[in-house]
Structure formats: C-alpha cells, structure tokens
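Enquirer: I have a structure here, written as structure tokens, and I will follow up with some questions on it.
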Amino acid sequence: MNKKITIFFIFLILISFITCKRNKPPETPTVVGPTKVGVGAHAEYKAVATDPNKDDVRYHFSWNGQRETTDFYKSGDTGKVTITFEKADTYLLKVQAEDIKGTFSEECSLTIEVVTNQKPQRPTLTGPSSGLINKKYSFTAQTTDPDNDSIRYKFIWGNGQEKITDWVASGTPVTESISYSDTGVYVIKVVAQDNKYVWSDTSDEIRFEVKKELTAGDILFIFSAEEEIISSPAITIYGGDTLVIFGDNGGNIYAIDASSGALRYRGNALPGDDLASSPVIGPDGVIYVGGAGEGRVYAFNPNLTRKWVYPESAQAGLGSISGTPVISADGNKLFIGSDNETLYCLSTANGQVLWKFKAKGSIEGSCIMDNEGNIYFGENDSGYFYKLSPNGEVRWEIYLGDPIYGQGAINNNLVYVAVMGKIYGISLDGRILYRASFTDTTVEVYGGPVIGWDGKVIVATEEGYIEVFEPDLTKIYSYQKTPSLKSTPCLAGTEEKVLYINNDGDRLYAINPLTENGAEYFPSVSLTPPSFVKKLQPDFISSPVVGNNGIVYVANGEYLFAIVGYKQLPLANTAWPMFQHDPKHTGRAGGKR
C-alpha cells in the first residue's frame with residue numbers, strides 16, 4: 001500500500017513539472033504608428049510584446065494581403081517596419097508576436113487611412129561653406145508644403161549622423177547646428193517630411209570644408225532672414241555679446257551673434273512697413289530705423305522690444321523712408337528724411353516731433369552730421385544739397401543739377417557728395433571748392449563716398465567703376481568691377497589697405513584700392529547660397545561693414561553673410577571709412593566706432 005502511494009505522488013510531481021515547463025504564447029502585442037498617411041509615404045510602425053517565458057520574439061505585420069516579418073528581439077523590446085502605401089484606401093494593419101519556439105500570440109490591429117497627398121517642395125539649405133574643427137556651425141532649411149501640412153526636416157550631416165527636427169508650420173525655417181572633430185569635406189543635405197509622412201526631394205548639397213583654421217574669403221556663417229535685406233548691417237555690444245543688427249523687407253529686425261550667426265533677439269515693425277532703412281544705434285544702445293512701406297520711424301530697445309513708433313498706427317505714415325537716421329552727439333535728437341519732401345527732427349525719448357523742414361524734393365538718401373551738430377542731406381528730385389542747423393534753420397542750399405540718391409562724407413571742413421557723373425567737395429560754409437567727373441559721366445551713384453588713408457576720396461558708381469581721388473578731387477585711379485555697384489565701400493587696415501564692396505552680381509570684392517587696376521587680395525566671394533532663387537536689384541543694396549574681429553558682414557537677397565576678411569584687418573582708422581561713418585551708423589563726423 002505504501003509503495004502504491006509513493007508511486008502516485010511521484011506521478012503527480014512529474015505531471016506538475018511537465019505542466020510548469022509547457023510553453024506559453026507571447027502576450028498580445030501593442031502596435032503604434034501614424035493612422036493617417038499620404039500615398040507614397042514611408043510610414044514607420046512599431047510593435048512590442050513580452051513573453052512569459054522570457055523567450056525572444058519576432059513580429060509579423062500584415063496588411064492588404066502583404067506581410068513583413070522582423071528579426072527576433074529580446075522579450076519586451078520593440079520591433080519596427082517601414083511600410084509604403086501605394087494607393088489611397090483604408091487599411092487594417094494586423095500584428096502578431098511569435099516566440100522562438102514557434103508559439104503565436106493573439107493579433108492586435110490598427111486602422112490606417114491613406115489619402116492623396118502632395119509631397120513638400122524641395123527644401124533650400126543655407127549655411128557656411130567652411131569652418132573649424134570642434135566648433136558649432138548653423139545650417140538653415142526651409143520649404144513649403146502644397147497642402148499646407150506641417151513639416152519636419154531631416155539634416156544629413158555627411159559624417160554618418162542625422163538629425164530629425166520637431167514639426168513646424170509650412171514655410172517655417174529651421175536651424176540646426178553641427179560640429180566636426182576631424183578635418184575634411186562633409187556633404188550636407190536636408191529633406192523635408194509632411195505630417196502625412198511623405199518625404200520631399202533632397203535639397204542641393206553644401207560641401208562644408210572643415211579646417212584647422214579659416215582663411216581670407218571663407219564664409220564664417222550665413223543667416224537666413226524671412227525677406228530680402230536691403231538694410232546695411234550695424235554692429236553693437238549688448239549683454240556682453242557683439243551683435244550684428246539689420247532689418248528686412250518683411251518689417252523684421254534681427255540681432256545675431258557676430259561670431260556664430262545665432263539669433264539673439266528679433267523685433268518687428270507695424271504691418272505694412274518694410275525696413276529698407278539701415279539701423280543707427282544711439283549712445284544708450286537704443287536702435288532707430290525707418291520704414292519704407294508706411295513711412296514710420298521706430299525706436300527699439302537693445303533687446304528689440306519696441307520703445308516707440310512715430311506716427312502711431314492710427315495716424316497716416318510719412319510716405320516712405322529709405323535713408324538712415326542720424327543722432328545728435330548727446331543722443332537726444334534724431335534726424336530723418338522722407339519721400340514726402342520733409343526732414344524730421346524727433347525726440348529720441350518718445351518720438352515727439354521737435355521740428356520739421358520742407359525740402360524742394362523727395363529725400364531718399366541718408367543724413368550726415370558735422371562736429372557742431374549741423375545736418376547735411378540731398379534730395380533726389382531736382383538735386384539740391386542742404387545744410388541745416390541743429391534747430392532746423394537753413395545754413396545754405398546748393399543746386400547740384402542732378403538727383404542725389406546717396407549720402408555725403410565729411411573730412412577736414414569739407415563735405416563730399418556724388419551725383420550723376422560727378423563728385424563735389426563743398427566747404428562747410430557752402431562753397432563748391434572742388435569737383436571732378438567720373439569715367440562714365442552719365443552714371444548714377446546710389447551709395448556714398450568714403451574717406452580713406454591720407455584723406456583720399458573713394459566712390460563707387462552704378463556702372464561698376466571705383467573712382468579714387470586726392471582730397472582736392474584730382475583723380476588717381478578708376479577701375480571697373482562689373483556688373484554694377486550700388487553700395488558704399490568699406491575700408492579696413494592701416495599699413496595694408498583693403499576696400500570691400502559688393503556688386504549686383506552677388507559678389508564681394510576685397511581690393512587694394514590704391515593700385516591701378518584694383519588688385520584683388522583673394523578671389524571675389526560668392527554671395528549666392530545653394531538654391532538662391534529670389535534675386536531683386538533695387539536702387540539701394542546693403543553695404544558691407546567690418547567688425548573689430550576682421551569679419552565682413554554684408555547682405556544679399558534674404559541672407560546675411562559673415563566672411564573672413566583679408567588678414568582679419570579691422571575697420572580703417574580714417575575720417576569716414578564706411579557707410580554712415582562707423583559700425584553704429586552714427587553718420588556723424590567724429591562719431592564713435
């Protein structure tokens with residue numbers, strides 16, 4: 001009897017052992033992925049399940065008679081597949097998990113709606129063409145979606161790395177940064193994907209050369225604005241950072257880091273105003289600029305929040321303002337002209353009009369100021385040039401016979417101003433002491449003269465000539481850089497002398513101005529980024545500025561370029577080396593640089 005009982009218990013133990021070791025199927029998986037996609041989308045679906053026996057599992061995806069199976073994963077790990085749907089329909093995606101012993105789970109499912117869809121436009125990609133190892137550089141992608149779907153970008157960095165961005169609205173530019181630890185040439189591209197998971201065509205590539213050190217003519221960075229930039233950049237320091245300030249034709253004003261191009265601050269004008277006027281920076285760091293659309297004058301705090309606007313939005317504007325304001329030495333008064341034939345003097349505290357002067361014609365150019373606070377400007381209808389006292393009294397007016405589009409320059413009690421085919425040297429008491437003709441006597445001047453080393457006067461003309469004169473306007477050199485020059489030159493260096501100027505052919509030149517043919521220090525730099533499509537040629541274009549770091553900043557189209565200058569020489573220490581005298585655009589003889 002005891003023997004039978006013993007056998008019976010052994011039997012129960014064996015049955016129990018066998019039952020415990022019986023394989024159990026994986027749990028029903030969970031599947032995730034987009035439920036609404038476009039025809040042609042490459043949509044990713046993920047499944048995950050655990051196995052009670054901790055066996056490895058794989059996943060079977062099936063839809064519309066098609067099937068795809070993953071490799072085996074550890075229990076609880078996620079498997080994924082990418083499915084391309086070729087036609088619009090409603091699909092039921094089913095998923096089963098299978099363990100390594102061949103046991104299947106229950107099915108789970110996901111309903112997917114596939115709709116007709118247009119892929120995003122091919123994105124543009126902008127950024128520098130060269131940089132240094134172990135330093136971050138920014139690249140900007142932008143495109144639109146024909147269906148106005150939200151989009152995201154995939155940056156392909158050329159070193160095996162990729163970055164997929166967050167979703168943004170159609171048309172929104174997105175900037176990402178990369179650094180490389182090795183020298184070499186990296187091919188950078190970007191593609192865009194809409195929220196129906198359809199990819200665009202691939203952008204044009206940027207061949208980014210990583211060096212141990214940058215050389216003259218290398219592009220340090222490119223900043224992409226929303227609209228075309230006619231505004232000439234100014235430079236200031238705020239919050240310990242050196243910032244480049246400029247506006248665009250969409251009414252936006254930007255402050256970007258001078259070393260990296262990173263956006264620090266952004267402001268905006270009232271609707272309808274584009275910022276063709278260039279910014280001037282007051283002694284307190286406040287930034288003043290005029291609007292060419294509605295014709296309003298803006299004061300922005302250093303962080304680009306708006307301080308005041310004149311006139312207010314409820315009132316009519318002043319016509320159109322394309323010239324750059326000038327500020328009194330004490331920072332209390334702002335002077336600016338308009339195409340309504342009026343020069344305004346405003347209080348910098350609140351924008352209140354202190355006085356105004358009616359000229360004989362439209363004022364499109366910028367005002368300048370002498371050491372005593374007198375204001376000089378021209379008008380571009382009949383060609384009168386004026387000198388006003390700080391209180392708005394007419395000191396003198398001179399008829400020069402042709403429209404005056406640019407601004408003057410002051411040196412040694414002379415103000416130099418250029419008109420069609422000619423340049424004048426006028427004494428501060430209103431006498432024409434010197435005059436000279438250009439090589440082409442029929443060309444306009446849209447920029448202004450600059451004063452170089454030993455008082456030499458340099459001016460660029462619309463037909464691409466750079467004319468170099470002695471202080472008494474005896475001509476020294478004349479040489480041509482085609483096709484057209486509408487900006488004001490910028491001078492750098494002391495012993496070694498450099499003239500920077502950009503032309504209408506999307507080039508920046510670095511010239512030794514005191515050579516017979518205008519010898520170039522390095523090949524002209526292309527200001528045409530990849531996929532550059534908008535190319536307008538207005539009467540005024542952005543003029544270059546050189547920072548203390550020897551970097552040249554200049555705009556073309558919607559882009560602000562930072563270019564390594566020749567030997568990174570700083571701005572020339574001359575009487576009037578650039579547009580509006582100095583990097584803050586004070587427009588004032590003796591203004592701070």
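Starting from 1 in every chain, residues are counted up; chains themselves are A, B, ... following the order of the structure tokens, and ligands are numbered from 1 as listed.
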Which parts of range 362-580 of chain A does DSSP call strand (DSSP E) when run on the backbone here, written out as a PyMOL selection string?
Expert: chain A and resi 368-369+375-378+384-388+394-399+409-411+414-419+422-427+432-437+450-451+457-460+465-469+475-480+490-492+498-502+507-511+525-526+545-546+551-556+559-564
Enquirer: Write out as a PyMOL selection string the residues lying within 10 Å of Tyr197 in chain A, counting only C-alpha atoms and excluding same-chain residues fewer than 4 positions away.
Expert: chain A and resi 34+36-44+84+117+119+151-152+192-193
Enquirer: Which of these residues is nearest to Ile222 in chain A, using only C-alpha atoms: A:Val326, A:Val32, A:Leu110, A:Ile256?
Expert: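 The answer is A:Ile256, which sits nearest to Ile222 in chain A.
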Enquirer: Do you know which residues are at most 12 Å from Lys54 in chain A counting only C-alpha atoms, after dropping those on the same chain fewer than 6 positions away, and could you put them as a list in words?
Expert: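 Final neighbour list, sorted by chain and number: Asn23, Lys24, Pro25, Pro26, Glu27, Tyr73, Lys74, Ser75, Gly76, Asp77, Asp99, Ile100 and Lys101 of chain A.
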Enquirer: Can you tell me which residues surround Pro390 in chain A at a distance of at most 12 Å, considering only C-alpha atoms, apart from same-chain residues fewer than 2 positions away, and format the answer as number ranges by chain?
Expert: A: 326-330, 332-335, 344-346, 354-357, 368-376, 387-388, 392-395
Enquirer: Counting only C-alpha atoms, what is within 12 Å of Lys475 in chain A, bar same-chain residues fewer than 6 positions away, as a ChimeraX atom specification?
Expert: /A:422-423,434-439,456-459,466-469,514,516
Enquirer: Fewer than 4 positions away in the same chain doesn't count, so skip those; otherwise give me all residues within 6 Å of range 312-321 of chain A, counting only C-alpha atoms, as number ranges by chain.
Expert: A: 290-296, 338-340
Enquirer: Would you save the residues of that selection, restricted to all heavy atoms, as a CSV table (one decimal), in the first residue's frame?
Expert:
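The resulting out20.csv:
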chain,number,residue,atom,x,y,z
A,290,GLY,N,13.9,103.5,-40.0
A,290,GLY,CA,12.7,104.0,-40.7
A,290,GLY,C,12.1,102.9,-41.5
A,290,GLY,O,12.7,101.9,-42.0
A,291,GLY,N,10.8,103.0,-41.8
A,291,GLY,CA,10.0,102.1,-42.5
A,291,GLY,C,9.7,102.6,-43.9
A,291,GLY,O,9.3,103.7,-44.1
A,292,ALA,N,10.0,101.8,-45.0
A,292,ALA,CA,9.8,102.3,-46.3
A,292,ALA,C,8.3,102.0,-46.8
A,292,ALA,O,7.9,102.6,-47.8
A,292,ALA,CB,10.7,101.5,-47.3
A,293,GLY,N,7.6,101.2,-46.1
A,293,GLY,CA,6.2,100.9,-46.5
A,293,GLY,C,5.2,102.1,-46.1
A,293,GLY,O,4.8,102.9,-46.9
A,294,GLU,N,4.9,102.1,-44.8
A,294,GLU,CA,4.0,103.1,-44.3
A,294,GLU,C,4.8,104.4,-43.9
A,294,GLU,O,4.1,105.4,-43.8
A,294,GLU,CB,3.3,102.6,-43.1
A,294,GLU,CG,2.4,101.4,-43.4
A,294,GLU,CD,1.2,101.8,-44.3
A,294,GLU,OE1,0.7,102.9,-44.1
A,294,GLU,OE2,0.9,101.0,-45.1
A,295,GLY,N,6.1,104.3,-43.8
A,295,GLY,CA,6.8,105.5,-43.5
A,295,GLY,C,6.8,105.9,-42.1
A,295,GLY,O,6.4,107.1,-41.7
A,296,ARG,N,7.1,105.0,-41.2
A,296,ARG,CA,7.1,105.3,-39.7
A,296,ARG,C,8.6,105.2,-39.2
A,296,ARG,O,9.4,104.5,-39.8
A,296,ARG,CB,6.2,104.3,-39.0
A,296,ARG,CG,4.8,104.4,-39.5
A,296,ARG,CD,3.8,103.5,-38.7
A,296,ARG,NE,2.6,103.3,-39.4
A,296,ARG,CZ,1.6,104.2,-39.4
A,296,ARG,NH1,1.7,105.3,-38.7
A,296,ARG,NH2,0.5,104.0,-40.1
A,338,SER,N,12.3,111.9,-45.6
A,338,SER,CA,11.2,111.0,-46.2
A,338,SER,C,11.0,111.4,-47.6
A,338,SER,O,11.3,112.5,-48.1
A,338,SER,CB,9.9,111.1,-45.4
A,338,SER,OG,8.8,110.6,-46.0
A,339,ASP,N,10.3,110.5,-48.4
A,339,ASP,CA,10.0,110.9,-49.8
A,339,ASP,C,8.8,111.9,-49.8
A,339,ASP,O,8.4,112.3,-50.9
A,339,ASP,CB,9.7,109.7,-50.6
A,339,ASP,CG,8.4,109.0,-50.3
A,339,ASP,OD1,7.7,109.3,-49.4
A,339,ASP,OD2,8.0,108.1,-51.1
A,340,ASN,N,8.3,112.3,-48.7
A,340,ASN,CA,7.3,113.4,-48.7
A,340,ASN,C,7.9,114.8,-48.6
A,340,ASN,O,7.3,115.7,-48.3
A,340,ASN,CB,6.2,113.2,-47.5
A,340,ASN,CG,6.9,113.4,-46.2
A,340,ASN,OD1,8.1,113.8,-46.0
A,340,ASN,ND2,6.1,113.2,-45.1
Enquirer: Would you please work out which residue, of A:Asn573, A:Asn517, A:Ser130, A:Thr342, is nearest to Thr494 in chain A when using only C-alpha atoms?
Expert: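 Answer, going by the shortest atom-to-atom distance: A:Asn573.
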Enquirer: How many Å separate CA of Arg306 in chain A from CA of His585 in chain A?
Expert: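 Spanning CA of Arg306 in chain A to CA of His585 in chain A is a straight-line distance of 19.5 Å.
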Enquirer: So that I can check the surroundings of Val280 in chain A, please list as number ranges by chain every protein, DNA and RNA residue that reaches within 7 Å of it, counting only C-alpha atoms and ignoring chain neighbours fewer than 2 positions away.
Expert: A: 278, 282, 287-289, 324-326, 584-586
Enquirer: How many Å lie between CA of Ala216 in chain A and CA of Lys497 in chain A, rounded to one decimal?
Expert: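 Separation of CA of Ala216 in chain A and CA of Lys497 in chain A: 14.4 Å.
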Enquirer: Which is closest to Trp63 in chain A among A:Val48, A:Thr82, A:Val95, A:Glu107, if we use only C-alpha atoms?
Expert: A:Val95
Enquirer: Find, counting only C-alpha atoms, the residue in A:Asn268, A:Ser542, A:Ser203, A:Asn252 that gets nearest to Gly323 in chain A.
Expert: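 Nearest to Gly323 in chain A: A:Ser542.
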Enquirer: Using only C-alpha atoms, which residue out of A:Ile501, A:Trp396, A:Asp218, A:Arg588 lies closest to Tyr566 in chain A?
Expert: A:Asp218
Enquirer: I'd like the interatomic distance between CA of Pro52 in chain A and CA of Thr69 in chain A, to a tenth of an Å.
Expert: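 Computing it gives 21.1 Å between the two atoms.
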